[in-house]
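Take a look at the structure set out below.
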Amino acid sequence: MTERTPLIAGNWKMHKTVAEALDTTRTLIALTEDVTGVDLMIAPPSVSLAPMAELLTGSRIALGAQNLHWEQQGAYTGELSAQMLASAGCSYVLIGHSERRQYFGETDETVNKRLKAALAADLIPVVCIGETDAQREAGETFSVLDNQVINGLDGLFSDDLGSLVIAYEPVWAIGTGKTASDEQAQEAHRYIRELMDRQFGKALANTVRILYGGSVKPSNVKALMAMPDVDGALVGGASLAAESFSQLAHYQA
Ligand code: PEP
């Protein structure tokens with residue numbers, strides 16, 4: 001069986017001032033010093049990236065951004081490029097989070113542009129996909145995943161995608177307290193891995209990390225992580241407090 005290093009990633013969304021982010025980060029570094037065999041990442045609001053990068057140097061925790069623009073520079077008020085994020089100390093970037101799809105007009109086409117820009121700058125992309133409640137009820141889960149993967153990764157080849165992380169986040173489970181059952185998560189993850197196999201071949205399908213996201217917390221993380229195709233978690237609410245993120249990071253203990 002292929003070894004895929006698990007990844008526990010925190011998405012702080014639009015929470016915490018710079019001072020609060022640094023405060024949490026200090027506690028988090030101390031609480032996760034002893035974590036082994038699990039990659040850790042936090043994606044704070046962008047104003048906290050550079051100051052957090054300084055604190056995180058030499059720690060177990062990598063830094064991620066929540067979004068990027070596909071151009072390197074230009075007249076795009078309010079946007080940040082992959083190069084800027086890398087220069088601020090990011091090694092990861094979230095792409096196509098459902099909140100960006102829902103509130104900011106993100107589409108599979110813009111996901112694709114952002115993904116190409118992230119890869120060109122050697123950022124590790126975490127591409128978020130997942131169906132809404134209505135789509136699941138209508139039996140469309142797999143066709144939604146097909147479209148999001150095929151269109152989001154369009155024009156890329158397996159050699160380009162060695163660092164790719166996919167986050168399966170059923171929209172109905174994000175921030176709602178409703179978690180997909182372990183079996184529902186496994187079924188979707190298996191489907192995504194098989195889709196990656198059909199599109200890009202077995203080698204990439206076996207190594208690509210597929211995270212589950214949607215109301216992951218210390219009480220359910222262990223069972224989700226025990227599923228064979230769940231390689232980590234993308235966590236919103238439960239990543240905000242250092243203590244609960246640390247419990248997630250120590251899920252193997
Ligand atoms: C997320 O932000 O990607 C997420 C899954 O949020 P929560 O854990 O709060 O559901």
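Residues in the structure tokens are named by chain (A, B, ... in the order shown) and by number from 1 within that chain; ligands are numbered from 1 in the order shown.
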
Requested in this report: Please check which protein, DNA or RNA residues sit within 8 Å of ligand 1, counting only C-alpha atoms and all ligand atoms, and write them as a PyMOL selection string.
Outcome: chain A and resi 10-13+97-98+169+173-177+179+212-217+234-239

Taking the DSSP assignment computed from this structure's backbone, write out as a PDB file with N, CA and C atoms, in the first residue's frame all residues of range 8-249 of chain A that belong to strand (DSSP E or B).
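Final output, result-v7.pdb:
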```
ATOM      1  N   ILE A   8      -3.153  17.437   8.408  1.00  0.00           N
ATOM      2  CA  ILE A   8      -4.229  18.105   9.154  1.00  0.00           C
ATOM      3  C   ILE A   8      -4.058  19.603   8.908  1.00  0.00           C
ATOM      4  N   ALA A   9      -5.064  20.195   8.259  1.00  0.00           N
ATOM      5  CA  ALA A   9      -4.954  21.594   7.845  1.00  0.00           C
ATOM      6  C   ALA A   9      -6.069  22.410   8.487  1.00  0.00           C
ATOM      7  N   GLY A  10      -5.714  23.581   8.962  1.00  0.00           N
ATOM      8  CA  GLY A  10      -6.701  24.475   9.576  1.00  0.00           C
ATOM      9  C   GLY A  10      -6.988  25.645   8.650  1.00  0.00           C
ATOM     10  N   ASN A  11      -8.264  25.948   8.473  1.00  0.00           N
ATOM     11  CA  ASN A  11      -8.681  27.105   7.682  1.00  0.00           C
ATOM     12  C   ASN A  11      -9.326  28.089   8.654  1.00  0.00           C
ATOM     13  N   ASP A  39       1.630  15.818   8.663  1.00  0.00           N
ATOM     14  CA  ASP A  39       1.904  17.199   8.253  1.00  0.00           C
ATOM     15  C   ASP A  39       0.817  18.100   8.817  1.00  0.00           C
ATOM     16  N   LEU A  40       1.214  19.298   9.194  1.00  0.00           N
ATOM     17  CA  LEU A  40       0.259  20.266   9.764  1.00  0.00           C
ATOM     18  C   LEU A  40       0.331  21.562   8.964  1.00  0.00           C
ATOM     19  N   MET A  41      -0.803  22.190   8.796  1.00  0.00           N
ATOM     20  CA  MET A  41      -0.824  23.455   8.061  1.00  0.00           C
ATOM     21  C   MET A  41      -1.935  24.336   8.619  1.00  0.00           C
ATOM     22  N   ILE A  42      -1.661  25.630   8.695  1.00  0.00           N
ATOM     23  CA  ILE A  42      -2.698  26.600   9.069  1.00  0.00           C
ATOM     24  C   ILE A  42      -2.796  27.650   7.964  1.00  0.00           C
ATOM     25  N   ALA A  43      -4.038  27.969   7.572  1.00  0.00           N
ATOM     26  CA  ALA A  43      -4.280  29.027   6.594  1.00  0.00           C
ATOM     27  C   ALA A  43      -5.022  30.173   7.302  1.00  0.00           C
ATOM     28  N   ILE A  61       4.607  23.303  11.858  1.00  0.00           N
ATOM     29  CA  ILE A  61       3.404  23.782  11.151  1.00  0.00           C
ATOM     30  C   ILE A  61       3.774  24.591   9.910  1.00  0.00           C
ATOM     31  N   ALA A  62       3.180  24.213   8.775  1.00  0.00           N
ATOM     32  CA  ALA A  62       3.389  24.967   7.535  1.00  0.00           C
ATOM     33  C   ALA A  62       2.297  26.024   7.405  1.00  0.00           C
ATOM     34  N   LEU A  63       2.594  27.006   6.567  1.00  0.00           N
ATOM     35  CA  LEU A  63       1.679  28.134   6.397  1.00  0.00           C
ATOM     36  C   LEU A  63       0.965  28.025   5.048  1.00  0.00           C
ATOM     37  N   GLY A  64      -0.334  28.296   5.059  1.00  0.00           N
ATOM     38  CA  GLY A  64      -1.098  28.263   3.812  1.00  0.00           C
ATOM     39  C   GLY A  64      -1.907  29.541   3.654  1.00  0.00           C
ATOM     40  N   ALA A  65      -2.170  29.904   2.403  1.00  0.00           N
ATOM     41  CA  ALA A  65      -3.069  31.027   2.125  1.00  0.00           C
ATOM     42  C   ALA A  65      -4.443  30.460   1.800  1.00  0.00           C
ATOM     43  N   HIS A  69      -4.589  34.910  -6.650  1.00  0.00           N
ATOM     44  CA  HIS A  69      -4.992  35.299  -8.009  1.00  0.00           C
ATOM     45  C   HIS A  69      -4.060  34.624  -9.003  1.00  0.00           C
ATOM     46  N   SER A  81      -0.879  37.494  -5.519  1.00  0.00           N
ATOM     47  CA  SER A  81      -0.391  36.489  -6.470  1.00  0.00           C
ATOM     48  C   SER A  81       0.321  35.349  -5.736  1.00  0.00           C
ATOM     49  N   TYR A  92       1.574  26.362   1.153  1.00  0.00           N
ATOM     50  CA  TYR A  92       0.302  25.801   0.681  1.00  0.00           C
ATOM     51  C   TYR A  92      -0.645  26.929   0.287  1.00  0.00           C
ATOM     52  N   VAL A  93      -1.634  26.593  -0.540  1.00  0.00           N
ATOM     53  CA  VAL A  93      -2.721  27.545  -0.791  1.00  0.00           C
ATOM     54  C   VAL A  93      -4.026  26.777  -1.041  1.00  0.00           C
ATOM     55  N   LEU A  94      -5.092  27.238  -0.406  1.00  0.00           N
ATOM     56  CA  LEU A  94      -6.425  26.672  -0.661  1.00  0.00           C
ATOM     57  C   LEU A  94      -6.950  27.251  -1.973  1.00  0.00           C
ATOM     58  N   ILE A  95      -7.625  26.416  -2.737  1.00  0.00           N
ATOM     59  CA  ILE A  95      -8.191  26.871  -4.012  1.00  0.00           C
ATOM     60  C   ILE A  95      -9.617  26.346  -4.126  1.00  0.00           C
ATOM     61  N   ILE A 124       1.922  24.342  -2.737  1.00  0.00           N
ATOM     62  CA  ILE A 124       1.157  23.085  -2.710  1.00  0.00           C
ATOM     63  C   ILE A 124      -0.328  23.452  -2.745  1.00  0.00           C
ATOM     64  N   PRO A 125      -1.023  23.082  -3.818  1.00  0.00           N
ATOM     65  CA  PRO A 125      -2.433  23.469  -3.922  1.00  0.00           C
ATOM     66  C   PRO A 125      -3.343  22.495  -3.184  1.00  0.00           C
ATOM     67  N   VAL A 126      -4.305  23.046  -2.462  1.00  0.00           N
ATOM     68  CA  VAL A 126      -5.341  22.225  -1.828  1.00  0.00           C
ATOM     69  C   VAL A 126      -6.644  22.596  -2.533  1.00  0.00           C
ATOM     70  N   VAL A 127      -7.033  21.792  -3.516  1.00  0.00           N
ATOM     71  CA  VAL A 127      -8.207  22.097  -4.332  1.00  0.00           C
ATOM     72  C   VAL A 127      -9.444  21.516  -3.649  1.00  0.00           C
ATOM     73  N   CYS A 128     -10.393  22.413  -3.349  1.00  0.00           N
ATOM     74  CA  CYS A 128     -11.583  22.001  -2.585  1.00  0.00           C
ATOM     75  C   CYS A 128     -12.734  21.696  -3.536  1.00  0.00           C
ATOM     76  N   ILE A 129     -13.363  20.567  -3.321  1.00  0.00           N
ATOM     77  CA  ILE A 129     -14.506  20.146  -4.137  1.00  0.00           C
ATOM     78  C   ILE A 129     -15.584  19.578  -3.201  1.00  0.00           C
ATOM     79  N   VAL A 165      -3.075  18.369  -3.469  1.00  0.00           N
ATOM     80  CA  VAL A 165      -3.933  17.860  -2.396  1.00  0.00           C
ATOM     81  C   VAL A 165      -5.368  18.196  -2.806  1.00  0.00           C
ATOM     82  N   ILE A 166      -6.267  17.239  -2.645  1.00  0.00           N
ATOM     83  CA  ILE A 166      -7.691  17.494  -2.904  1.00  0.00           C
ATOM     84  C   ILE A 166      -8.406  17.472  -1.557  1.00  0.00           C
ATOM     85  N   ALA A 167      -9.286  18.425  -1.341  1.00  0.00           N
ATOM     86  CA  ALA A 167     -10.106  18.388  -0.123  1.00  0.00           C
ATOM     87  C   ALA A 167     -11.547  18.121  -0.545  1.00  0.00           C
ATOM     88  N   TYR A 168     -12.078  16.987  -0.122  1.00  0.00           N
ATOM     89  CA  TYR A 168     -13.502  16.693  -0.352  1.00  0.00           C
ATOM     90  C   TYR A 168     -14.283  17.290   0.804  1.00  0.00           C
ATOM     91  N   ARG A 209      -3.074  13.135  -1.979  1.00  0.00           N
ATOM     92  CA  ARG A 209      -3.720  13.149  -0.657  1.00  0.00           C
ATOM     93  C   ARG A 209      -5.117  13.750  -0.800  1.00  0.00           C
ATOM     94  N   ILE A 210      -6.083  13.035  -0.250  1.00  0.00           N
ATOM     95  CA  ILE A 210      -7.469  13.506  -0.285  1.00  0.00           C
ATOM     96  C   ILE A 210      -7.922  13.747   1.159  1.00  0.00           C
ATOM     97  N   LEU A 211      -8.141  15.025   1.465  1.00  0.00           N
ATOM     98  CA  LEU A 211      -8.559  15.408   2.817  1.00  0.00           C
ATOM     99  C   LEU A 211     -10.079  15.419   2.878  1.00  0.00           C
ATOM    100  N   TYR A 212     -10.612  15.152   4.060  1.00  0.00           N
ATOM    101  CA  TYR A 212     -12.046  15.338   4.279  1.00  0.00           C
ATOM    102  C   TYR A 212     -12.242  16.657   5.034  1.00  0.00           C
ATOM    103  N   GLY A 213     -13.254  17.411   4.663  1.00  0.00           N
ATOM    104  CA  GLY A 213     -13.582  18.635   5.397  1.00  0.00           C
ATOM    105  C   GLY A 213     -15.078  18.738   5.604  1.00  0.00           C
ATOM    106  N   GLY A 232      -6.419  12.905   5.511  1.00  0.00           N
ATOM    107  CA  GLY A 232      -6.243  14.090   6.328  1.00  0.00           C
ATOM    108  C   GLY A 232      -7.549  14.823   6.452  1.00  0.00           C
ATOM    109  N   ALA A 233      -7.458  16.011   7.054  1.00  0.00           N
ATOM    110  CA  ALA A 233      -8.670  16.795   7.278  1.00  0.00           C
ATOM    111  C   ALA A 233      -8.391  18.268   7.024  1.00  0.00           C
ATOM    112  N   LEU A 234      -9.377  18.929   6.429  1.00  0.00           N
ATOM    113  CA  LEU A 234      -9.357  20.389   6.331  1.00  0.00           C
ATOM    114  C   LEU A 234     -10.418  20.873   7.307  1.00  0.00           C
ATOM    115  N   VAL A 235      -9.967  21.659   8.286  1.00  0.00           N
ATOM    116  CA  VAL A 235     -10.810  21.947   9.452  1.00  0.00           C
ATOM    117  C   VAL A 235     -11.008  23.450   9.614  1.00  0.00           C
TER     118      VAL A 235
END
```

Requested in this report: Taking the DSSP assignment computed from this structure's backbone, write out as a PyMOL selection string all residues of range 46-245 of chain A that belong to alpha helix (DSSP H).
Outcome: chain A and resi 49-56+82-87+98-103+108-120+133-137+141-152+182-200+202-207+221-225+242-245

Query raised in the report: Which neighbours of range 20-27 of chain A fall inside 12 Å, counting only C-alpha atoms, when residues of the same chain fewer than 3 positions from it are skipped, and could you give them as JSON, numbers by chain?
Result: {"A": [10, 12, 13, 14, 15, 16, 17, 30, 31, 32, 33, 41, 42, 43, 44, 45, 46, 47, 48, 49, 50, 51, 52, 53, 54, 55, 56, 57, 59, 60, 61, 62, 63, 239, 240, 241, 242, 243, 244, 245, 246]}

Would you put the residues from that selection into a file with N, CA and C atoms, as a short mmCIF file (atom, residue, chain, number, x, y, z; two decimals), in the first residue's frame?
```
data_model
loop_
_atom_site.label_atom_id
_atom_site.label_comp_id
_atom_site.auth_asym_id
_atom_site.auth_seq_id
_atom_site.Cartn_x
_atom_site.Cartn_y
_atom_site.Cartn_z
N GLY A 10 -5.71 23.58 8.96
CA GLY A 10 -6.70 24.48 9.58
C GLY A 10 -6.99 25.64 8.65
N TRP A 12 -8.61 29.18 8.91
CA TRP A 12 -9.13 30.13 9.90
C TRP A 12 -10.16 31.09 9.30
N LYS A 13 -10.39 30.98 8.00
CA LYS A 13 -11.39 31.83 7.33
C LYS A 13 -11.17 33.30 7.73
N MET A 14 -12.24 34.08 7.96
CA MET A 14 -12.07 35.49 8.34
C MET A 14 -12.19 35.62 9.85
N HIS A 15 -11.27 34.97 10.55
CA HIS A 15 -11.25 35.01 12.01
C HIS A 15 -9.85 35.41 12.49
N LYS A 16 -9.81 36.15 13.55
CA LYS A 16 -8.60 36.53 14.29
C LYS A 16 -7.91 37.77 13.69
N THR A 17 -7.64 38.74 14.58
CA THR A 17 -6.77 39.86 14.24
C THR A 17 -5.34 39.33 14.18
N ALA A 30 3.87 25.33 20.57
CA ALA A 30 4.27 24.61 21.78
C ALA A 30 3.52 23.28 21.90
N LEU A 31 2.22 23.30 21.54
CA LEU A 31 1.40 22.09 21.72
C LEU A 31 1.65 21.02 20.67
N THR A 32 2.27 21.40 19.55
CA THR A 32 2.42 20.41 18.46
C THR A 32 3.88 20.00 18.23
N GLU A 33 4.76 20.47 19.11
CA GLU A 33 6.20 20.16 18.97
C GLU A 33 6.48 18.66 18.82
N MET A 41 -0.80 22.19 8.80
CA MET A 41 -0.82 23.46 8.06
C MET A 41 -1.93 24.34 8.62
N ILE A 42 -1.66 25.63 8.69
CA ILE A 42 -2.70 26.60 9.07
C ILE A 42 -2.80 27.65 7.96
N ALA A 43 -4.04 27.97 7.57
CA ALA A 43 -4.28 29.03 6.59
C ALA A 43 -5.02 30.17 7.30
N PRO A 44 -4.28 31.20 7.73
CA PRO A 44 -4.92 32.33 8.42
C PRO A 44 -5.37 33.38 7.41
N PRO A 45 -6.06 34.43 7.85
CA PRO A 45 -6.32 35.57 6.96
C PRO A 45 -4.98 36.13 6.46
N SER A 46 -4.97 36.70 5.27
CA SER A 46 -3.68 37.02 4.64
C SER A 46 -2.86 38.07 5.39
N VAL A 47 -3.50 38.96 6.15
CA VAL A 47 -2.70 39.95 6.90
C VAL A 47 -1.80 39.28 7.94
N SER A 48 -2.13 38.09 8.34
CA SER A 48 -1.31 37.42 9.37
C SER A 48 -0.25 36.50 8.78
N LEU A 49 -0.22 36.37 7.45
CA LEU A 49 0.71 35.39 6.86
C LEU A 49 2.17 35.71 7.21
N ALA A 50 2.61 36.91 6.86
CA ALA A 50 4.04 37.20 7.04
C ALA A 50 4.46 37.15 8.51
N PRO A 51 3.71 37.80 9.41
CA PRO A 51 4.14 37.69 10.82
C PRO A 51 4.07 36.26 11.35
N MET A 52 3.10 35.49 10.91
CA MET A 52 3.04 34.10 11.38
C MET A 52 4.20 33.28 10.81
N ALA A 53 4.60 33.59 9.58
CA ALA A 53 5.71 32.84 8.96
C ALA A 53 6.95 32.92 9.83
N GLU A 54 7.17 34.11 10.37
CA GLU A 54 8.35 34.30 11.22
C GLU A 54 8.30 33.39 12.44
N LEU A 55 7.12 33.36 13.07
CA LEU A 55 6.97 32.51 14.27
C LEU A 55 7.08 31.03 13.93
N LEU A 56 6.55 30.65 12.77
CA LEU A 56 6.45 29.22 12.43
C LEU A 56 7.77 28.62 11.94
N THR A 57 8.75 29.48 11.63
CA THR A 57 10.03 28.95 11.15
C THR A 57 10.58 27.95 12.16
N SER A 59 9.13 25.27 13.12
CA SER A 59 8.07 24.54 13.84
C SER A 59 7.58 23.39 12.97
N ARG A 60 6.62 22.66 13.48
CA ARG A 60 6.01 21.53 12.76
C ARG A 60 4.89 22.00 11.81
N ILE A 61 4.61 23.30 11.86
CA ILE A 61 3.40 23.78 11.15
C ILE A 61 3.77 24.59 9.91
N ALA A 62 3.18 24.21 8.78
CA ALA A 62 3.39 24.97 7.54
C ALA A 62 2.30 26.02 7.41
N LEU A 63 2.59 27.01 6.57
CA LEU A 63 1.68 28.13 6.40
C LEU A 63 0.96 28.02 5.05
N SER A 239 -10.29 24.35 14.20
CA SER A 239 -8.86 24.72 14.09
C SER A 239 -8.59 26.06 14.76
N LEU A 240 -9.64 26.74 15.20
CA LEU A 240 -9.45 28.11 15.70
C LEU A 240 -8.80 28.15 17.08
N ALA A 241 -9.10 27.19 17.92
CA ALA A 241 -8.49 27.15 19.25
C ALA A 241 -7.28 26.23 19.20
N ALA A 242 -6.17 26.70 19.75
CA ALA A 242 -4.92 25.93 19.70
C ALA A 242 -5.12 24.54 20.30
N GLU A 243 -5.89 24.46 21.39
CA GLU A 243 -6.05 23.17 22.08
C GLU A 243 -6.76 22.16 21.19
N SER A 244 -7.82 22.59 20.50
CA SER A 244 -8.53 21.59 19.69
C SER A 244 -7.76 21.26 18.42
N PHE A 245 -7.05 22.24 17.83
CA PHE A 245 -6.22 21.90 16.68
C PHE A 245 -5.13 20.90 17.10
N SER A 246 -4.57 21.12 18.28
CA SER A 246 -3.54 20.20 18.76
C SER A 246 -4.12 18.79 18.97
#
```

Requested in this report: Please indicate the distance in Å from CA of Trp70 in chain A to CA of Arg114 in chain A, rounded to one decimal place.
Outcome: 4.7 Å

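Atom pair CA of Ile192 in chain A / CA of Val144 in chain A has a distance of 10.9 Å (rounded to one decimal).
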
Requested in this report: Kindly indicate which residue among A:Gln184, A:Thr207, A:Ser91, A:Thr77 lies nearest to Thr141 in chain A, using only C-alpha atoms for the distances.
Outcome: A:Gln184

Report task. Show which residues sit within 12 Å of Leu145 in chain A, as a list in words. Count only C-alpha atoms, and ignore same-chain residues fewer than 5 positions away. Result -> Asp108, Val127, Cys128, Ile129, Gly130, Glu131, Thr132, Gln135, Arg136, Gly139, Glu140, Ile150, Asn151, Gly152, Leu153, Ile166, Ala167, Tyr168, Glu169, Pro170, Ala188, His189, Arg190, Tyr191, Ile192, Arg193, Glu194, Leu195 and Met196 of chain A

Serialized selection, N, CA, C and O atoms, as an mmCIF file, in the first residue's frame:
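Output below, filename result-v5.cif:
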```
data_model
loop_
_atom_site.group_PDB
_atom_site.id
_atom_site.type_symbol
_atom_site.label_atom_id
_atom_site.label_comp_id
_atom_site.auth_asym_id
_atom_site.auth_seq_id
_atom_site.Cartn_x
_atom_site.Cartn_y
_atom_site.Cartn_z
ATOM 1 N N ASP A 108 -15.158 26.374 -11.682
ATOM 2 C CA ASP A 108 -14.105 25.408 -11.990
ATOM 3 C C ASP A 108 -13.051 26.035 -12.910
ATOM 4 O O ASP A 108 -11.874 25.676 -12.844
ATOM 5 N N VAL A 127 -7.033 21.792 -3.516
ATOM 6 C CA VAL A 127 -8.207 22.097 -4.332
ATOM 7 C C VAL A 127 -9.444 21.516 -3.649
ATOM 8 O O VAL A 127 -9.521 20.308 -3.392
ATOM 9 N N CYS A 128 -10.393 22.413 -3.349
ATOM 10 C CA CYS A 128 -11.583 22.001 -2.585
ATOM 11 C C CYS A 128 -12.734 21.696 -3.536
ATOM 12 O O CYS A 128 -13.042 22.495 -4.431
ATOM 13 N N ILE A 129 -13.363 20.567 -3.321
ATOM 14 C CA ILE A 129 -14.506 20.146 -4.137
ATOM 15 C C ILE A 129 -15.584 19.578 -3.201
ATOM 16 O O ILE A 129 -15.290 19.264 -2.040
ATOM 17 N N GLY A 130 -16.780 19.437 -3.716
ATOM 18 C CA GLY A 130 -17.834 18.844 -2.885
ATOM 19 C C GLY A 130 -19.204 19.297 -3.331
ATOM 20 O O GLY A 130 -19.353 20.377 -3.927
ATOM 21 N N GLU A 131 -20.187 18.484 -3.051
ATOM 22 C CA GLU A 131 -21.548 18.729 -3.510
ATOM 23 C C GLU A 131 -22.364 19.471 -2.445
ATOM 24 O O GLU A 131 -22.072 19.379 -1.258
ATOM 25 N N THR A 132 -23.403 20.167 -2.896
ATOM 26 C CA THR A 132 -24.335 20.803 -1.968
ATOM 27 C C THR A 132 -25.354 19.753 -1.504
ATOM 28 O O THR A 132 -25.429 18.654 -2.057
ATOM 29 N N GLN A 135 -27.691 18.886 -4.329
ATOM 30 C CA GLN A 135 -27.051 17.984 -5.311
ATOM 31 C C GLN A 135 -26.983 16.559 -4.782
ATOM 32 O O GLN A 135 -27.214 15.599 -5.506
ATOM 33 N N ARG A 136 -26.693 16.413 -3.476
ATOM 34 C CA ARG A 136 -26.671 15.047 -2.909
ATOM 35 C C ARG A 136 -28.073 14.442 -2.957
ATOM 36 O O ARG A 136 -28.255 13.299 -3.357
ATOM 37 N N GLY A 139 -29.064 13.020 -6.136
ATOM 38 C CA GLY A 139 -28.242 11.906 -6.629
ATOM 39 C C GLY A 139 -27.129 12.361 -7.560
ATOM 40 O O GLY A 139 -26.649 11.588 -8.400
ATOM 41 N N GLU A 140 -26.707 13.633 -7.402
ATOM 42 C CA GLU A 140 -25.723 14.180 -8.349
ATOM 43 C C GLU A 140 -24.303 14.239 -7.790
ATOM 44 O O GLU A 140 -23.411 14.826 -8.423
ATOM 45 N N ILE A 150 -12.521 17.230 -13.269
ATOM 46 C CA ILE A 150 -12.121 17.253 -14.689
ATOM 47 C C ILE A 150 -11.891 18.698 -15.148
ATOM 48 O O ILE A 150 -10.866 19.010 -15.755
ATOM 49 N N ASN A 151 -12.801 19.594 -14.809
ATOM 50 C CA ASN A 151 -12.646 20.985 -15.260
ATOM 51 C C ASN A 151 -11.614 21.742 -14.422
ATOM 52 O O ASN A 151 -10.868 22.561 -14.942
ATOM 53 N N GLY A 152 -11.580 21.468 -13.142
ATOM 54 C CA GLY A 152 -10.614 22.161 -12.273
ATOM 55 C C GLY A 152 -9.174 21.806 -12.613
ATOM 56 O O GLY A 152 -8.263 22.625 -12.468
ATOM 57 N N LEU A 153 -8.955 20.567 -13.075
ATOM 58 C CA LEU A 153 -7.586 20.106 -13.355
ATOM 59 C C LEU A 153 -7.302 20.078 -14.861
ATOM 60 O O LEU A 153 -6.307 19.502 -15.291
ATOM 61 N N ILE A 166 -6.267 17.239 -2.645
ATOM 62 C CA ILE A 166 -7.691 17.494 -2.904
ATOM 63 C C ILE A 166 -8.406 17.472 -1.557
ATOM 64 O O ILE A 166 -8.115 16.614 -0.711
ATOM 65 N N ALA A 167 -9.286 18.425 -1.341
ATOM 66 C CA ALA A 167 -10.106 18.388 -0.123
ATOM 67 C C ALA A 167 -11.547 18.121 -0.545
ATOM 68 O O ALA A 167 -12.141 18.934 -1.273
ATOM 69 N N TYR A 168 -12.078 16.987 -0.122
ATOM 70 C CA TYR A 168 -13.502 16.693 -0.352
ATOM 71 C C TYR A 168 -14.283 17.290 0.804
ATOM 72 O O TYR A 168 -14.136 16.859 1.958
ATOM 73 N N GLU A 169 -15.073 18.317 0.488
ATOM 74 C CA GLU A 169 -15.832 19.010 1.527
ATOM 75 C C GLU A 169 -17.294 19.105 1.098
ATOM 76 O O GLU A 169 -17.662 20.028 0.355
ATOM 77 N N PRO A 170 -18.120 18.151 1.521
ATOM 78 C CA PRO A 170 -19.539 18.283 1.192
ATOM 79 C C PRO A 170 -20.060 19.583 1.790
ATOM 80 O O PRO A 170 -19.896 19.833 2.996
ATOM 81 N N ALA A 188 -16.980 8.765 -1.107
ATOM 82 C CA ALA A 188 -16.627 9.885 -1.982
ATOM 83 C C ALA A 188 -15.122 9.910 -2.254
ATOM 84 O O ALA A 188 -14.689 10.145 -3.391
ATOM 85 N N HIS A 189 -14.326 9.650 -1.225
ATOM 86 C CA HIS A 189 -12.864 9.668 -1.411
ATOM 87 C C HIS A 189 -12.418 8.582 -2.389
ATOM 88 O O HIS A 189 -11.567 8.813 -3.239
ATOM 89 N N ARG A 190 -13.018 7.400 -2.247
ATOM 90 C CA ARG A 190 -12.686 6.290 -3.162
ATOM 91 C C ARG A 190 -13.050 6.678 -4.591
ATOM 92 O O ARG A 190 -12.302 6.468 -5.531
ATOM 93 N N TYR A 191 -14.224 7.316 -4.711
ATOM 94 C CA TYR A 191 -14.674 7.727 -6.041
ATOM 95 C C TYR A 191 -13.670 8.720 -6.654
ATOM 96 O O TYR A 191 -13.297 8.609 -7.825
ATOM 97 N N ILE A 192 -13.218 9.678 -5.833
ATOM 98 C CA ILE A 192 -12.277 10.696 -6.328
ATOM 99 C C ILE A 192 -10.945 10.030 -6.721
ATOM 100 O O ILE A 192 -10.356 10.347 -7.752
ATOM 101 N N ARG A 193 -10.502 9.067 -5.925
ATOM 102 C CA ARG A 193 -9.229 8.404 -6.244
ATOM 103 C C ARG A 193 -9.362 7.608 -7.558
ATOM 104 O O ARG A 193 -8.461 7.618 -8.390
ATOM 105 N N GLU A 194 -10.508 6.972 -7.746
ATOM 106 C CA GLU A 194 -10.715 6.226 -8.993
ATOM 107 C C GLU A 194 -10.791 7.183 -10.196
ATOM 108 O O GLU A 194 -10.292 6.881 -11.272
ATOM 109 N N LEU A 195 -11.405 8.317 -9.955
ATOM 110 C CA LEU A 195 -11.481 9.338 -11.010
ATOM 111 C C LEU A 195 -10.077 9.836 -11.358
ATOM 112 O O LEU A 195 -9.733 9.998 -12.544
ATOM 113 N N MET A 196 -9.258 10.062 -10.349
ATOM 114 C CA MET A 196 -7.868 10.490 -10.581
ATOM 115 C C MET A 196 -7.113 9.413 -11.350
ATOM 116 O O MET A 196 -6.286 9.722 -12.204
#
```

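Between CA of Gln73 in chain A and CA of Ala117 in chain A the separation is 11.6 Å.
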
Requested in this report: Determine, counting only C-alpha atoms, which protein, DNA and RNA residues have an atom within 12 Å of an atom of Leu156 in chain A; residues of the same chain fewer than 2 positions away are not included. Present the result as a list in words.
Outcome: Asn112, Lys113, Leu115, Lys116, Ala117, Leu119, Ala120, Val149, Ile150, Asn151, Gly152, Leu153, Asp154, Ser158, Asp159, Asp160, Leu161, Gly162, Leu164, Met196, Gln199 and Phe200 of chain A

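Nearest to Glu106 in chain A of all the residues A:Leu68, A:Leu28, A:Val221, A:Ala205 is A:Leu68, based on only C-alpha atoms.
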